[in-house]
Amino acid sequence: MSHQKPTIVLVHGAFADSSSWNGVVDRLQAHDYPVIAASNPLRTLVGDAAYVRQLITAVDGPVVLAGHSYGGSVISAAAKDLPHVKALVFVAAFLPEEGESAITLSGKFPGSTLGEVLHPVPVALPDGSRVNDLYIQKAAFHRQFAADVAEETTSVMAATQRPVTDVALGEGASAPAWRDIPSWVLVATEDQNIPHQAQTFMAQRAGATTVSVSASHAVSVSRPGDVARLINEAAQATL
């Protein structure tokens, strides 16, 4: 084990941006962790994972990699066979097995209402392929994504949300890093995007250390202390 404090790399998911980690970043920096809140492109799973992998490959010393929502799929692919990634933390996130997609996992158990409130916008990727950028309808954003966050905050979150492509959410995962790297999972029990049963199923399958928090999908915003506490626990285990 290392005595060097790991760098915490945070990867946001769909319909959010790096600022969704702000409360978590504040708390981790107060404990003297170096922190990077990555900007997840949200274009394709393989491309997003490659981008994050390049970022964490450039970090000197040990890394604890945390992902929220679709960011869990990204970190699981990005960390594969990188020995300096010492722990994975999944925050209301996907832990896909090889071949599974975010769409299949969110539909594995009842409870997700995300599909009913998505607004698709046709766009072209750099390679010319046509896809849909998916947004959560602004009128539904508070209820769907962040019901336990103040509405004046969620109105800004809705306006600044980062869209994800339908291709990224439907893309099958590669071999998962959680098979080889110790993992921690925070289950958000009031999640309307990824049903808590699905989160619990994936956590148990991965043999992860798991905590449950009564929170919406936007748990890093509504309960940053709980998220930072779990990340700190994972980081301490690497020392």
# chains A, B, ... in the order shown; residues from 1 in each chain; ligands from 1
$ select_by_dssp --residues "chain A" --states "strand (DSSP E)" --output "PyMOL selection string"
chain A and resi 7-11+35-38+63-68+85-91+118-124+130-136+164-165+183-188+209-213
$ residues_around --residues "Val131 of chain A" --least-positions-apart "4" --cutoff "7 Å" --atoms "only C-alpha atoms" --output "short mmCIF file (atom, residue, chain, number, x, y, z; two decimals) with N, CA and C atoms, in the first residue's frame"
data_model
loop_
_atom_site.label_atom_id
_atom_site.label_comp_id
_atom_site.auth_asym_id
_atom_site.auth_seq_id
_atom_site.Cartn_x
_atom_site.Cartn_y
_atom_site.Cartn_z
N PRO A 122 -31.74 15.80 -32.73
CA PRO A 122 -30.87 15.15 -33.71
C PRO A 122 -29.59 15.95 -33.92
N VAL A 123 -28.45 15.26 -33.87
CA VAL A 123 -27.14 15.88 -34.11
C VAL A 123 -26.27 14.89 -34.87
N ALA A 124 -25.15 15.39 -35.37
CA ALA A 124 -24.17 14.54 -36.04
C ALA A 124 -22.90 14.47 -35.20
N THR A 165 -25.68 11.20 -25.75
CA THR A 165 -26.27 10.62 -26.96
C THR A 165 -26.99 9.32 -26.63
N ASP A 166 -28.00 9.02 -27.44
CA ASP A 166 -28.69 7.74 -27.29
C ASP A 166 -27.73 6.58 -27.55
N VAL A 167 -26.74 6.81 -28.42
CA VAL A 167 -25.75 5.77 -28.73
C VAL A 167 -24.95 5.40 -27.49
#
$ atom_distance --atom1 "atom CA of Phe90 of chain A" --atom2 "atom CA of Val185 of chain A"
4.7 Å
$ closest_atom_pairs --of "segment 29-129 of chain A" --to "segment 199-204 of chain A" --cutoff "7 Å" --atoms "only C-alpha atoms" --output "Markdown table"
| residue | atom | partner | partner_atom | distance |
| --- | --- | --- | --- | --- |
| A:Ala92 | CA | A:Gln199 | CA | 6.8 |
| A:Ala93 | CA | A:Gln199 | CA | 6.9 |
| A:Leu95 | CA | A:Met202 | CA | 5.8 |
$ write_last_selection --atoms "all heavy atoms" --output "short mmCIF file (atom, residue, chain, number, x, y, z; two decimals), in the first residue's frame"
data_model
loop_
_atom_site.label_atom_id
_atom_site.label_comp_id
_atom_site.auth_asym_id
_atom_site.auth_seq_id
_atom_site.Cartn_x
_atom_site.Cartn_y
_atom_site.Cartn_z
N ALA A 92 -24.59 6.26 -7.24
CA ALA A 92 -25.86 6.13 -7.99
C ALA A 92 -25.54 5.84 -9.45
O ALA A 92 -26.01 6.54 -10.36
CB ALA A 92 -26.72 7.38 -7.84
N ALA A 93 -24.74 4.80 -9.67
CA ALA A 93 -24.07 4.62 -10.96
C ALA A 93 -24.27 3.21 -11.52
O ALA A 93 -24.69 2.29 -10.83
CB ALA A 93 -22.58 4.91 -10.81
N LEU A 95 -22.68 -0.22 -12.99
CA LEU A 95 -21.53 -1.13 -12.96
C LEU A 95 -21.81 -2.23 -13.98
O LEU A 95 -22.20 -3.35 -13.63
CB LEU A 95 -21.33 -1.77 -11.58
CG LEU A 95 -20.87 -0.92 -10.41
CD1 LEU A 95 -22.03 -0.10 -9.85
CD2 LEU A 95 -20.29 -1.81 -9.29
#
$ residues_around --residues "Tyr135 of chain A" --least-positions-apart "3" --cutoff "8 Å" --atoms "only C-alpha atoms" --output "PyMOL selection string"
chain A and resi 15+118-121+161-164
$ decode --residues "segment 187-203 of chain A" --atoms "C-alpha atoms" --output "PDB file, in the first residue's frame"
ATOM      1  CA  VAL A 187     -27.056   3.440  -3.585  1.00  0.00           C
ATOM      2  CA  ALA A 188     -29.503   6.356  -3.826  1.00  0.00           C
ATOM      3  CA  THR A 189     -32.771   4.847  -2.625  1.00  0.00           C
ATOM      4  CA  GLU A 190     -35.065   7.540  -4.099  1.00  0.00           C
ATOM      5  CA  ASP A 191     -33.436   7.486  -7.549  1.00  0.00           C
ATOM      6  CA  GLN A 192     -35.884   7.923 -10.448  1.00  0.00           C
ATOM      7  CA  ASN A 193     -33.227   7.351 -13.159  1.00  0.00           C
ATOM      8  CA  ILE A 194     -31.557   4.124 -12.010  1.00  0.00           C
ATOM      9  CA  PRO A 195     -33.880   2.138  -9.731  1.00  0.00           C
ATOM     10  CA  HIS A 196     -32.317   1.406  -6.361  1.00  0.00           C
ATOM     11  CA  GLN A 197     -32.931  -2.312  -6.941  1.00  0.00           C
ATOM     12  CA  ALA A 198     -30.730  -2.127 -10.026  1.00  0.00           C
ATOM     13  CA  GLN A 199     -28.044  -0.267  -8.094  1.00  0.00           C
ATOM     14  CA  THR A 200     -28.127  -2.867  -5.322  1.00  0.00           C
ATOM     15  CA  PHE A 201     -28.046  -5.750  -7.811  1.00  0.00           C
ATOM     16  CA  MET A 202     -24.959  -4.343  -9.538  1.00  0.00           C
ATOM     17  CA  ALA A 203     -23.220  -3.626  -6.223  1.00  0.00           C
TER      18      ALA A 203
END
